[in-house]
Each structure stands twice: as structure tokens, then as C-alpha cells.
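Have a look at the structure below before the remarks.
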Amino acid sequence: EAGVTQFPSHSVIEKGQTVTLRCDPISGHDNLYWYRRVMGKEIKFLLHFVKESKQDESGMPNNRFLAERTGGTYSTLKVQPAELEDSGVYFCASSPGGTSTDTQYFGPGTRLTVL
Amino acid sequence: AQSVAQPEDQVNVAEGNPLTVKCTYSVSGNPYLFWYVQYPNRGLQFLLKYITGDNLVKGSYGFEAEFNKSQTSFHLKKPSALVSDSALYFCAVTWKGNSGGYQKVTFGIGTKLQVIP
């Protein structure tokens, strides 16, 4: 069974540009999560999808971030325009259920560097 | 608000010796606790979790963790460390909210484990 995949693995962009990150969850997992880890800090929750609906987007930093999950399969996270403080590793995770006890399975992450 | 503390940025242990990676937490209700490991250039891998029941939880790769409610701790342990255990370890907590359902997961800052040959 394929795990969670993310694309690209690395992205280097200049301040003001746009970047779109993609996550493909494990097949059949209705729940998809986005997290971000800034260098040396904790992994922070960004948002949670149940199928195509946003269950919780309380962790999204500001309106420069837009997450979508059309059709309830893969998800994209767009940053527009990117700022220096957006640099970090963006992780995607998925789980079959959406309860607090469900194990989340993580992708390898996308390392975003904004210059 | 829930929180997780991993008080050690790095833990060094000799190969073959027992290892402990510390984690304490704070939540409003009954906690659900997780340990994840991140190997270099890889994503987070699930190690183990505590939901309810036996306070000693066994997980992957010979790791175990003990839930201690009075000390609000969930330390990760292994009886004999391997060089291949060298990685970044994250503790995480969530809880069953008053209305049930999903509560977002809060992660610690991570502890780098270095096993010395």
C-alpha cells in the first residue's frame, strides 16, 4: 500500500512568488491534515479536511494560505504571495477516521525556502 | 489549551545502553498521547500511542512508553539502543473534547537522539 506522498520535496522561491504544494493521501483515507514545522520549532497544525470539506482550519496563519481538496482525494496548499516567514517544512498526513485516537500517517514533507 | 514539552533538545546514549526521551503534557481532559520518529530526509513515522488501559505501551522497533497521569508524562524508552535509532523524536498529544469528536494534535519541539557506537 502506497503511503502519503508529497510534491515537490523541495521548493525555493523568492518573496512575493506563489507556490503550490501537493499531497496525495493514502487511498481510502477521508481525513487529510496539513502541518508546518519552522526550523527548530514544533510541528504546528494548519488544517484538517474530511473528504472535500474543511473540518478545522484554525491553524492557517493568514489569508495568504489557501488549501483545497477537490473531489476529496489529493489536496493542494497554495501560498500567495510567499513571505520569508513561510519558510519551513510542510507535512501532510492522512487517517482513515477523524477521531482523536486515530493514527495519522505522514508524508515526507515539502521543504519550502522563501528568499 | 493543550501543550507538550520535550525538555531535552538532544539525548546522547551509547549503543547497547537503555535510552529515555522525555515528554510531559498538559490537556484539559483525558489525554491521547503519541510518539513519532523522523529519520533524516524522511517523514514522520508512527511509533506508538496511548489511548486508555495499560499504562505501558509497546510500539515499533522495540520502543515503549509509560503513561504517568500524576506526573503528566509519557516518556519514550528502549532497553538497548541501536545506532540506527538515531533520529528526531516527536511527542504529541490530543484529547477527547467535551463534545467528543476530533481535537487537533499538538506536537512537541522534538528531541534529537544520537546513539554513539
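By convention in this document, the chains of the C-alpha cells carry letters A, B, ... by their order, each chain's residues are numbered from 1, and ligands are numbered from 1 in the order they are shown.
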
Filtered DSSP result for stretch 19-102 of chain A, state helix (DSSP H, G or I), as a ChimeraX atom specification: /A:70-72,84-86

Contact residues around A:Thr110 with only C-alpha atoms at 12 Å, ignoring same-chain residues under 3 positions, as an MDAnalysis selection string: (chainID A and resid 5:12 19:23 34:38 76:77 87:92 106:107 113) or (chainID B and resid 41:43)

Output as JSON lines one row per residue of chain B within 12 Å of chain A: the closest atom pair and its distance in Å to one decimal place, counting only C-alpha atoms, sorted by chain and residue number ascending.
```
{"residue": "B:Ser3", "atom": "CA", "partner": "A:Glu42", "partner_atom": "CA", "distance": 10.6}
{"residue": "B:Val4", "atom": "CA", "partner": "A:Glu42", "partner_atom": "CA", "distance": 9.4}
{"residue": "B:Ala5", "atom": "CA", "partner": "A:Glu42", "partner_atom": "CA", "distance": 9.8}
{"residue": "B:Gln6", "atom": "CA", "partner": "A:Glu42", "partner_atom": "CA", "distance": 9.9}
{"residue": "B:Asp9", "atom": "CA", "partner": "A:Gly40", "partner_atom": "CA", "distance": 9.4}
{"residue": "B:Gln10", "atom": "CA", "partner": "A:Gly40", "partner_atom": "CA", "distance": 11.9}
{"residue": "B:Asn30", "atom": "CA", "partner": "A:Ser100", "partner_atom": "CA", "distance": 11.1}
{"residue": "B:Pro31", "atom": "CA", "partner": "A:Ser100", "partner_atom": "CA", "distance": 9.5}
{"residue": "B:Tyr32", "atom": "CA", "partner": "A:Thr101", "partner_atom": "CA", "distance": 6.6}
{"residue": "B:Leu33", "atom": "CA", "partner": "A:Thr101", "partner_atom": "CA", "distance": 8.7}
{"residue": "B:Phe34", "atom": "CA", "partner": "A:Thr103", "partner_atom": "CA", "distance": 8.4}
{"residue": "B:Trp35", "atom": "CA", "partner": "A:Thr103", "partner_atom": "CA", "distance": 10.4}
{"residue": "B:Tyr36", "atom": "CA", "partner": "A:Phe106", "partner_atom": "CA", "distance": 9.7}
{"residue": "B:Val37", "atom": "CA", "partner": "A:Phe106", "partner_atom": "CA", "distance": 10.6}
{"residue": "B:Gln38", "atom": "CA", "partner": "A:Pro108", "partner_atom": "CA", "distance": 9.1}
{"residue": "B:Tyr39", "atom": "CA", "partner": "A:Pro108", "partner_atom": "CA", "distance": 9.9}
{"residue": "B:Pro40", "atom": "CA", "partner": "A:Pro108", "partner_atom": "CA", "distance": 10.0}
{"residue": "B:Asn41", "atom": "CA", "partner": "A:Pro108", "partner_atom": "CA", "distance": 7.3}
{"residue": "B:Arg42", "atom": "CA", "partner": "A:Pro108", "partner_atom": "CA", "distance": 5.0}
{"residue": "B:Gly43", "atom": "CA", "partner": "A:Pro108", "partner_atom": "CA", "distance": 3.5}
{"residue": "B:Leu44", "atom": "CA", "partner": "A:Phe106", "partner_atom": "CA", "distance": 5.5}
{"residue": "B:Gln45", "atom": "CA", "partner": "A:Phe106", "partner_atom": "CA", "distance": 6.8}
{"residue": "B:Phe46", "atom": "CA", "partner": "A:Tyr105", "partner_atom": "CA", "distance": 7.0}
{"residue": "B:Leu47", "atom": "CA", "partner": "A:Thr103", "partner_atom": "CA", "distance": 9.9}
{"residue": "B:Leu48", "atom": "CA", "partner": "A:Thr103", "partner_atom": "CA", "distance": 9.0}
{"residue": "B:Lys49", "atom": "CA", "partner": "A:Thr103", "partner_atom": "CA", "distance": 8.1}
{"residue": "B:Tyr50", "atom": "CA", "partner": "A:Thr101", "partner_atom": "CA", "distance": 8.7}
{"residue": "B:Ile51", "atom": "CA", "partner": "A:Thr101", "partner_atom": "CA", "distance": 6.6}
{"residue": "B:Thr52", "atom": "CA", "partner": "A:Thr101", "partner_atom": "CA", "distance": 9.9}
{"residue": "B:Leu88", "atom": "CA", "partner": "A:Gly40", "partner_atom": "CA", "distance": 11.1}
{"residue": "B:Tyr89", "atom": "CA", "partner": "A:Glu42", "partner_atom": "CA", "distance": 11.2}
{"residue": "B:Phe90", "atom": "CA", "partner": "A:Glu42", "partner_atom": "CA", "distance": 8.7}
{"residue": "B:Cys91", "atom": "CA", "partner": "A:Glu42", "partner_atom": "CA", "distance": 9.9}
{"residue": "B:Ala92", "atom": "CA", "partner": "A:Ile43", "partner_atom": "CA", "distance": 9.4}
{"residue": "B:Val93", "atom": "CA", "partner": "A:Ser100", "partner_atom": "CA", "distance": 9.3}
{"residue": "B:Thr94", "atom": "CA", "partner": "A:Ser100", "partner_atom": "CA", "distance": 6.3}
{"residue": "B:Trp95", "atom": "CA", "partner": "A:Ser100", "partner_atom": "CA", "distance": 6.4}
{"residue": "B:Lys96", "atom": "CA", "partner": "A:Ser100", "partner_atom": "CA", "distance": 6.5}
{"residue": "B:Gly97", "atom": "CA", "partner": "A:Ser100", "partner_atom": "CA", "distance": 8.9}
{"residue": "B:Ser99", "atom": "CA", "partner": "A:Thr99", "partner_atom": "CA", "distance": 11.8}
{"residue": "B:Gly100", "atom": "CA", "partner": "A:Thr99", "partner_atom": "CA", "distance": 8.4}
{"residue": "B:Gly101", "atom": "CA", "partner": "A:Thr99", "partner_atom": "CA", "distance": 5.4}
{"residue": "B:Tyr102", "atom": "CA", "partner": "A:Thr99", "partner_atom": "CA", "distance": 4.5}
{"residue": "B:Gln103", "atom": "CA", "partner": "A:Ser100", "partner_atom": "CA", "distance": 5.6}
{"residue": "B:Lys104", "atom": "CA", "partner": "A:Phe45", "partner_atom": "CA", "distance": 7.2}
{"residue": "B:Val105", "atom": "CA", "partner": "A:Phe45", "partner_atom": "CA", "distance": 7.1}
{"residue": "B:Thr106", "atom": "CA", "partner": "A:Lys44", "partner_atom": "CA", "distance": 7.0}
{"residue": "B:Phe107", "atom": "CA", "partner": "A:Ile43", "partner_atom": "CA", "distance": 5.6}
{"residue": "B:Gly108", "atom": "CA", "partner": "A:Glu42", "partner_atom": "CA", "distance": 5.3}
{"residue": "B:Ile109", "atom": "CA", "partner": "A:Glu42", "partner_atom": "CA", "distance": 3.9}
{"residue": "B:Gly110", "atom": "CA", "partner": "A:Glu42", "partner_atom": "CA", "distance": 6.8}
{"residue": "B:Thr111", "atom": "CA", "partner": "A:Gly40", "partner_atom": "CA", "distance": 10.1}
{"residue": "B:Lys112", "atom": "CA", "partner": "A:Gly40", "partner_atom": "CA", "distance": 10.7}
```

Filtered DSSP result for chain B, state strand (DSSP E or B), as number ranges by chain: B: 3-5, 10-14, 19-21, 24-26, 31-38, 44-50, 56-58, 64-68, 73-78, 87-95, 106-107, 111-116

Contacts of A:Asp30 within 9 Å, only C-alpha atoms, excl. fewer than 4 positions in-chain, as a list in words: Pro25, Ile26, Phe49, Val50, Lys51, Glu52, Gly72, Thr73, Ser94, Ser95, Pro96, Gly97 and Gly98 of chain A

Using only C-alpha atoms: which of B:Gln2, B:Glu8, B:Leu19, B:Ser26 has the shortest distance to B:Val115: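 Of B:Gln2, B:Glu8, B:Leu19, B:Ser26, the one nearest B:Val115, counting only C-alpha atoms, is B:Leu19.
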
Nearby residues (only C-alpha atoms) at most 12 Å from A:Glu14, same-chain spacing under 6 positions excluded, as a ChimeraX atom specification: /A:79-87,112-115

Nearest to B:Lys77 by atom-to-atom distance, counting only C-alpha atoms, from B:Pro18, B:Pro117, B:Tyr61, B:Thr24: B:Pro18
